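Data from work20.csv: CSV, C-alpha atoms
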chain,number,residue,atom,x,y,z
A,1,MET,CA,-73.1,-12.0,-21.9
A,2,LYS,CA,-74.4,-10.8,-18.5
A,3,ILE,CA,-73.3,-7.5,-17.0
A,4,ARG,CA,-71.6,-9.3,-14.1
A,5,ALA,CA,-69.5,-11.5,-16.5
A,6,LYS,CA,-68.6,-8.4,-18.5
A,7,VAL,CA,-67.4,-6.6,-15.4
A,8,VAL,CA,-65.3,-9.6,-14.3
A,9,ALA,CA,-63.8,-9.8,-17.8
A,10,LEU,CA,-63.1,-6.1,-17.9
A,11,LEU,CA,-61.5,-6.2,-14.4
A,12,GLY,CA,-59.4,-9.1,-15.4
A,13,ALA,CA,-58.2,-7.4,-18.5
A,14,VAL,CA,-57.4,-4.2,-16.5
A,15,PHE,CA,-55.4,-6.4,-14.0
A,16,VAL,CA,-53.4,-8.0,-16.7
A,17,ALA,CA,-52.7,-4.7,-18.3
A,18,LEU,CA,-51.6,-3.2,-15.0
A,19,THR,CA,-49.4,-6.2,-14.4
A,20,PHE,CA,-47.6,-5.6,-17.7
A,21,VAL,CA,-47.4,-1.9,-17.0
A,22,GLU,CA,-45.8,-2.6,-13.6
A,23,TRP,CA,-43.4,-5.1,-15.1
A,24,GLY,CA,-42.5,-2.5,-17.8
A,25,VAL,CA,-41.9,0.1,-15.1
A,26,VAL,CA,-39.7,-2.2,-13.1
A,27,GLN,CA,-37.7,-3.2,-16.2
A,28,ALA,CA,-37.4,0.3,-17.6
A,29,LEU,CA,-37.0,2.4,-14.5
A,30,LEU,CA,-36.5,0.6,-11.3
A,31,LEU,CA,-34.2,-2.3,-12.2
A,32,PRO,CA,-31.6,0.0,-13.9
A,33,ARG,CA,-31.7,2.2,-10.9
A,34,PHE,CA,-31.1,-0.8,-8.6
A,35,GLU,CA,-28.3,-1.9,-10.8
A,36,GLU,CA,-26.7,1.5,-10.7
A,37,ILE,CA,-26.9,1.5,-6.9
A,38,GLU,CA,-25.2,-1.9,-6.8
A,39,LEU,CA,-22.4,-0.7,-9.0
A,40,ASP,CA,-22.0,2.4,-6.8
A,41,ASN,CA,-21.9,0.1,-3.7
A,42,ALA,CA,-19.3,-2.1,-5.4
A,43,ARG,CA,-17.1,0.9,-6.3
A,44,THR,CA,-17.5,2.2,-2.7
A,45,ALA,CA,-16.3,-1.2,-1.4
A,46,MET,CA,-13.1,-0.9,-3.5
A,47,MET,CA,-12.6,2.6,-2.2
A,48,ARG,CA,-12.8,1.2,1.4
A,49,ILE,CA,-10.1,-1.3,0.4
A,50,GLU,CA,-7.9,1.4,-1.0
A,51,PHE,CA,-8.3,3.3,2.2
A,52,GLY,CA,-7.4,0.1,4.1
A,53,VAL,CA,-4.1,-0.2,2.1
A,54,HIS,CA,-3.2,3.4,2.8
A,55,GLN,CA,-4.1,2.9,6.5
A,56,ALA,CA,-1.7,0.0,6.7
A,57,LEU,CA,1.0,2.1,5.1
A,58,ASN,CA,0.2,4.9,7.5
A,59,GLU,CA,0.7,2.5,10.5
A,60,ILE,CA,4.1,1.6,9.2
A,61,GLN,CA,4.9,5.3,8.6
A,62,VAL,CA,4.1,6.0,12.2
A,63,SER,CA,6.6,3.3,13.3
A,64,THR,CA,9.3,4.6,11.1
A,65,ALA,CA,8.9,8.1,12.4
A,66,ASP,CA,9.1,6.9,16.0
A,67,TRP,CA,12.2,4.9,15.4
A,68,GLY,CA,13.8,7.5,13.2
A,69,ASN,CA,13.3,10.4,15.7
A,70,TRP,CA,14.9,8.5,18.6
A,71,LYS,CA,18.3,9.4,20.1
A,72,ASP,CA,19.3,5.7,20.3
A,73,THR,CA,18.9,5.4,16.6
A,74,TYR,CA,20.6,8.7,16.0
A,75,GLN,CA,23.6,7.4,18.0
A,76,PHE,CA,23.6,3.9,16.4
A,77,ILE,CA,23.8,5.2,12.9
A,78,VAL,CA,27.2,6.7,13.9
A,79,ASP,CA,28.7,4.2,16.3
A,80,HIS,CA,27.1,0.9,14.9
A,81,ASN,CA,26.9,-0.5,18.4
A,82,PRO,CA,25.7,-4.1,18.2
A,83,GLN,CA,23.9,-3.7,21.5
A,84,PHE,CA,21.3,-1.6,19.7
A,85,GLU,CA,20.2,-4.6,17.7
A,86,GLN,CA,20.2,-6.9,20.7
A,87,ASP,CA,18.2,-4.6,22.8
A,88,ASN,CA,15.6,-3.4,20.3
A,89,LEU,CA,15.3,-5.9,17.4
A,90,SER,CA,14.1,-9.0,19.1
A,91,GLU,CA,11.6,-11.4,17.6
A,92,ALA,CA,8.9,-10.2,20.0
A,93,ALA,CA,9.5,-6.5,19.1
A,94,LEU,CA,9.2,-7.1,15.4
A,95,LYS,CA,6.2,-9.3,15.8
A,96,GLN,CA,4.5,-6.6,17.8
A,97,LEU,CA,5.3,-4.1,15.0
A,98,ARG,CA,4.2,-6.7,12.4
A,99,LEU,CA,7.3,-6.0,10.4
A,100,THR,CA,8.8,-8.2,7.6
A,101,ALA,CA,11.7,-5.9,7.0
A,102,ILE,CA,13.7,-3.2,8.7
A,103,ALA,CA,16.8,-1.3,7.7
A,104,PHE,CA,18.8,1.6,9.0
A,105,VAL,CA,20.5,3.6,6.2
A,106,ASP,CA,23.2,6.2,6.7
A,107,ALA,CA,23.3,9.5,4.8
A,108,ASP,CA,25.4,7.9,2.0
A,109,GLY,CA,22.8,5.2,1.4
A,110,VAL,CA,24.8,2.4,3.1
A,111,PHE,CA,22.9,-0.2,5.1
A,112,VAL,CA,24.2,0.0,8.6
A,113,LEU,CA,21.7,-2.7,9.6
A,114,ALA,CA,19.1,-4.6,7.4
A,115,LYS,CA,17.0,-7.5,8.5
A,116,SER,CA,14.0,-9.4,7.1
A,117,PHE,CA,11.7,-11.9,8.8
A,118,ASP,CA,8.9,-14.4,8.3
A,119,LEU,CA,6.2,-13.1,10.7
A,120,ALA,CA,4.6,-16.5,10.9
A,121,SER,CA,7.7,-18.4,12.0
A,122,GLY,CA,9.8,-15.5,13.4
A,123,MET,CA,12.8,-16.8,11.3
A,124,ILE,CA,15.1,-14.6,9.2
A,125,SER,CA,13.8,-14.7,5.6
A,126,PRO,CA,16.1,-12.8,3.2
A,127,LEU,CA,14.5,-10.3,0.8
A,128,ASP,CA,16.0,-9.1,-2.4
A,129,LEU,CA,15.2,-5.6,-1.2
A,130,PHE,CA,18.7,-5.7,0.4
A,131,PRO,CA,20.8,-7.5,-2.2
A,132,GLN,CA,23.8,-5.2,-1.8
A,133,GLY,CA,25.3,-3.1,1.0
A,134,SER,CA,23.6,0.1,-0.1
A,135,LEU,CA,20.5,1.5,-1.8
A,136,PRO,CA,20.6,1.3,-5.6
A,137,GLU,CA,21.5,4.7,-7.2
A,138,ASP,CA,18.2,4.8,-9.0
A,139,PHE,CA,16.1,3.9,-6.0
A,140,ALA,CA,13.1,6.1,-5.8
A,141,TRP,CA,13.6,7.1,-2.1
A,142,ARG,CA,17.2,8.2,-2.6
A,143,GLU,CA,15.8,11.8,-2.9
A,144,ASN,CA,14.1,11.3,0.5
A,145,LEU,CA,17.4,10.3,1.9
A,146,ARG,CA,18.8,13.7,0.8
A,147,SER,CA,15.8,15.8,1.7
A,148,GLY,CA,14.9,14.1,5.0
A,149,LYS,CA,11.3,13.8,4.0
A,150,PRO,CA,9.2,10.7,5.0
A,151,ALA,CA,7.5,8.6,2.3
A,152,GLN,CA,5.5,5.4,1.9
A,153,GLY,CA,4.5,3.1,-1.0
A,154,LEU,CA,4.6,-0.4,-2.5
A,155,ILE,CA,7.8,-2.2,-3.4
A,156,THR,CA,8.3,-5.4,-5.4
A,157,THR,CA,10.4,-8.2,-3.7
A,158,ASP,CA,11.1,-11.8,-4.5
A,159,HIS,CA,8.6,-12.7,-1.8
A,160,GLY,CA,5.8,-10.5,-3.1
A,161,VAL,CA,4.6,-6.9,-2.6
A,162,LEU,CA,6.0,-5.0,0.4
A,163,LEU,CA,4.1,-2.2,2.1
A,164,ALA,CA,7.0,0.1,3.0
A,165,ALA,CA,7.7,3.5,4.5
A,166,VAL,CA,10.8,5.6,5.3
A,167,ALA,CA,11.5,8.4,7.8
A,168,PRO,CA,14.6,10.5,8.5
A,169,ILE,CA,16.9,9.7,11.4
A,170,LEU,CA,16.8,12.7,13.8
A,171,ASP,CA,18.1,13.5,17.3
A,172,GLY,CA,15.0,12.6,19.2
A,173,PHE,CA,13.7,16.1,19.3
A,174,GLY,CA,12.8,16.4,15.6
A,175,HIS,CA,16.0,18.2,14.8
A,176,GLY,CA,18.7,17.4,12.2
A,177,PRO,CA,20.6,17.3,10.2
A,178,SER,CA,19.3,13.9,9.3
A,179,ARG,CA,21.8,11.1,9.6
A,180,GLY,CA,20.0,8.8,7.2
A,181,MET,CA,16.7,7.1,7.2
A,182,VAL,CA,14.8,4.1,8.7
A,183,LEU,CA,13.0,1.8,6.3
A,184,MET,CA,10.3,-0.5,7.5
A,185,GLY,CA,8.1,-2.9,5.5
A,186,ARG,CA,5.4,-5.6,5.8
A,187,LEU,CA,4.7,-8.2,3.1
A,188,LEU,CA,1.2,-8.1,1.7
A,189,THR,CA,0.5,-11.8,2.5
A,190,ASP,CA,-2.9,-13.5,2.2
A,191,SER,CA,-3.3,-12.9,5.9
A,192,GLU,CA,-2.5,-9.2,5.6
A,193,VAL,CA,-5.0,-8.9,2.7
A,194,ALA,CA,-7.6,-10.6,4.8
A,195,GLN,CA,-7.0,-8.2,7.7
A,196,ILE,CA,-7.4,-5.2,5.3
A,197,GLY,CA,-10.7,-6.7,4.1
A,198,ALA,CA,-12.0,-7.4,7.6
A,199,ARG,CA,-11.3,-3.9,8.7
A,200,SER,CA,-13.0,-2.6,5.6
A,201,GLN,CA,-15.9,-5.1,5.9
A,202,THR,CA,-15.3,-6.1,2.3
A,203,GLN,CA,-14.4,-9.4,0.7
A,204,VAL,CA,-11.1,-8.8,-1.1
A,205,THR,CA,-8.5,-11.0,-2.8
A,206,LEU,CA,-5.1,-10.4,-4.3
A,207,ALA,CA,-5.8,-11.0,-8.0
A,208,ALA,CA,-2.4,-10.4,-9.5
A,209,THR,CA,1.1,-9.3,-8.6
A,210,ARG,CA,3.9,-8.2,-10.9
A,211,GLY,CA,6.3,-11.0,-11.8
A,212,ALA,CA,4.0,-13.8,-10.6
A,213,ALA,CA,3.5,-16.8,-12.8
A,214,GLY,CA,0.2,-17.3,-14.6
A,215,PRO,CA,-2.3,-15.5,-16.9
A,216,GLY,CA,-3.2,-13.0,-14.2
A,217,GLN,CA,-0.6,-10.5,-15.4
A,218,ASP,CA,-3.3,-9.0,-17.8
A,219,LEU,CA,-5.0,-7.8,-14.7
A,220,LEU,CA,-2.2,-5.4,-14.0
A,221,HIS,CA,-3.1,-3.3,-17.1
A,222,LEU,CA,-6.7,-2.6,-16.6
A,223,THR,CA,-8.4,0.8,-17.3
A,224,ASP,CA,-12.0,1.9,-17.5
A,225,SER,CA,-13.6,4.5,-19.8
A,226,SER,CA,-12.5,7.3,-17.6
A,227,GLY,CA,-8.8,6.2,-17.7
A,228,ALA,CA,-8.8,5.0,-14.1
A,229,ARG,CA,-6.8,1.8,-13.4
A,230,GLN,CA,-10.0,-0.1,-12.6
A,231,LYS,CA,-12.5,-2.6,-14.1
A,232,VAL,CA,-16.0,-3.7,-13.1
A,233,VAL,CA,-17.4,-7.1,-14.0
A,234,VAL,CA,-21.1,-7.8,-13.4
A,235,ASN,CA,-21.9,-11.5,-13.0
A,236,ASP,CA,-25.2,-13.2,-12.2
A,237,ASP,CA,-24.5,-13.3,-8.4
A,238,THR,CA,-21.7,-10.8,-7.8
A,239,THR,CA,-20.2,-7.6,-9.0
A,240,GLU,CA,-16.4,-7.7,-9.2
A,241,VAL,CA,-14.3,-4.6,-9.0
A,242,TYR,CA,-10.6,-4.9,-10.0
A,243,ARG,CA,-8.2,-2.1,-8.9
A,244,VAL,CA,-4.6,-1.7,-10.0
A,245,PHE,CA,-2.1,-0.3,-7.5
A,246,THR,CA,1.3,1.2,-8.5
A,247,ASP,CA,4.7,1.1,-7.0
A,248,LEU,CA,7.2,3.9,-6.1
A,249,TYR,CA,7.8,4.5,-9.8
A,250,GLY,CA,4.2,4.7,-10.8
A,251,GLU,CA,4.3,1.2,-12.5
A,252,PRO,CA,1.6,-1.4,-11.9
A,253,ILE,CA,2.6,-3.7,-9.0
A,254,MET,CA,-0.6,-5.5,-8.0
A,255,THR,CA,-4.4,-5.8,-8.6
A,256,LEU,CA,-6.9,-6.3,-5.8
A,257,ARG,CA,-10.4,-7.6,-6.4
A,258,VAL,CA,-13.6,-7.1,-4.3
A,259,ASP,CA,-16.7,-9.2,-4.7
A,260,VAL,CA,-20.1,-7.7,-3.8
A,261,PRO,CA,-23.2,-9.9,-3.9
A,262,ARG,CA,-26.0,-8.8,-6.2
A,263,THR,CA,-29.6,-8.5,-5.2
A,264,SER,CA,-31.1,-7.3,-8.5
A,265,ARG,CA,-31.4,-9.6,-11.4
A,266,LYS,CA,-32.9,-9.3,-14.9

If you convert what's in this file into structure tokens, what do you get?
Amino acid sequence: MKIRAKVVALLGAVFVALTFVEWGVVQALLLPRFEEIELDNARTAMMRIEFGVHQALNEIQVSTADWGNWKDTYQFIVDHNPQFEQDNLSEAALKQLRLTAIAFVDADGVFVLAKSFDLASGMISPLDLFPQGSLPEDFAWRENLRSGKPAQGLITTDHGVLLAAVAPILDGFGHGPSRGMVLMGRLLTDSEVAQIGARSQTQVTLAATRGAAGPGQDLLHLTDSSGARQKVVVNDDTTEVYRVFTDLYGEPIMTLRVDVPRTSRK
């Protein structure tokens, strides 16, 4: 064999060897690192969704604080003047606040006024949140009624999950004693979920809710190796992250899912 041919053969063998080495490096070092980055990105996307849910709750909390610390509310809870409802609880006002439910509760837990609406139609849509004339004795926020402290959280209703908040009824100057509390809520509809996803720049869906029909109830009881109420599923094209959210009593109430496209493949 001529020297030129030997050199060509040697270079070819070296090239093939380097190709296999490069492939091995990618498989052994770089690809796992890329996959780790993708998992981190997927978990971060779910964290943005969690923040979006809390942001929606905070918005409702601000509204309850405004309405609770208002002299007209402070007076209404005593005199029950129907003019208060006519002047302040119009369809337009509630649409502007994007509220599904609103209630004014006196210091004994009695509903002085409780209304619920369908935001899409503007029509009254009863919720089982107000089945009786007063708060149930074991209701989690009964203690807030006594202490005058604000609170927020998720409540199960016959129409789905309600984002809800309460605030004490004060005299308009932040002074008490509290005469009760204002409760406001917004149903977590598909439209609301989509808005949370849009603000978080993440694709999110409502995977399961407590009491809903179907096999999705298993998704309410997920945990990962660290004990967090979360599960990650890696598919060929996407990484799915499931996150369980709890209600006022710490019980699973819904599971949200984010889908993050994958760029690394084996």

Exercise. For Leu154 in chain A, which residue out of A:Leu219, A:Ile102, A:Val53, A:Leu135 is the nearest one, using all atoms listed in the file?
Worked result: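 Of A:Leu219, A:Ile102, A:Val53, A:Leu135, the one nearest Leu154 in chain A, counting all atoms listed in the file, is A:Val53.
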
Exercise. Which distance in Å separates CA of Val232 in chain A and CA of Arg186 in chain A, to one decimal?
Worked result: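 So the answer is 28.6 Å.
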
Problem set entry | Point-to-point distance from CA of Arg43 in chain A to CA of Arg199 in chain A, Å rounded to tenths | 16.8 Å

Problem set entry | Straight-line distance linking CA of Leu206 in chain A with CA of Asp259 in chain A, stated in Å to one decimal | 11.7 Å

Problem set entry | Nearest-residue call for Ile155 in chain A, choices A:Thr209, A:Ser225, A:Gln203, A:Asn41, using only C-alpha atoms | A:Thr209

Exercise. Of the candidates A:Ile77, A:Val161, A:Ile49, A:Val204, which shows the shortest atom-to-atom distance to Leu188 in chain A, using all atoms listed in the file?
Worked result: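 For Leu188 in chain A, the nearest of the given residues is A:Val161.
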
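Distances to Arg229 in chain A were evaluated for A:Ala65, A:Leu256, A:Leu248, A:Ala114 using only C-alpha atoms, and the minimum falls at A:Leu256.
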
Ser134 in chain A: which residues within 12 Å, counting all atoms listed in the file, same-chain residues fewer than 5 positions away excluded, as a PDB file with C-alpha atoms, in the frame of the given file?
ATOM      1  CA  ALA A 103      16.800  -1.300   7.700  1.00  0.00           C
ATOM      2  CA  PHE A 104      18.800   1.600   9.000  1.00  0.00           C
ATOM      3  CA  VAL A 105      20.500   3.600   6.200  1.00  0.00           C
ATOM      4  CA  ASP A 106      23.200   6.200   6.700  1.00  0.00           C
ATOM      5  CA  ALA A 107      23.300   9.500   4.800  1.00  0.00           C
ATOM      6  CA  ASP A 108      25.400   7.900   2.000  1.00  0.00           C
ATOM      7  CA  GLY A 109      22.800   5.200   1.400  1.00  0.00           C
ATOM      8  CA  VAL A 110      24.800   2.400   3.100  1.00  0.00           C
ATOM      9  CA  PHE A 111      22.900  -0.200   5.100  1.00  0.00           C
ATOM     10  CA  VAL A 112      24.200   0.000   8.600  1.00  0.00           C
ATOM     11  CA  LEU A 113      21.700  -2.700   9.600  1.00  0.00           C
ATOM     12  CA  ALA A 114      19.100  -4.600   7.400  1.00  0.00           C
ATOM     13  CA  LEU A 129      15.200  -5.600  -1.200  1.00  0.00           C
ATOM     14  CA  PHE A 139      16.100   3.900  -6.000  1.00  0.00           C
ATOM     15  CA  ARG A 142      17.200   8.200  -2.600  1.00  0.00           C
ATOM     16  CA  GLY A 180      20.000   8.800   7.200  1.00  0.00           C
TER      17      GLY A 180
END

Problem set entry | Residues within 9 Å of Ile169 in chain A, only C-alpha atoms, excluding chain neighbours under 4 positions, as a list in words |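 Near neighbours after the sequence-gap exclusion: Ala65, Trp67, Gly68, Asn69, Trp70, Lys71, Thr73, Tyr74, Ile77, Phe104, Val105, Asp106, Gly148, Gly174, Gly176, Pro177, Ser178, Arg179, Gly180, Met181 and Val182 of chain A.
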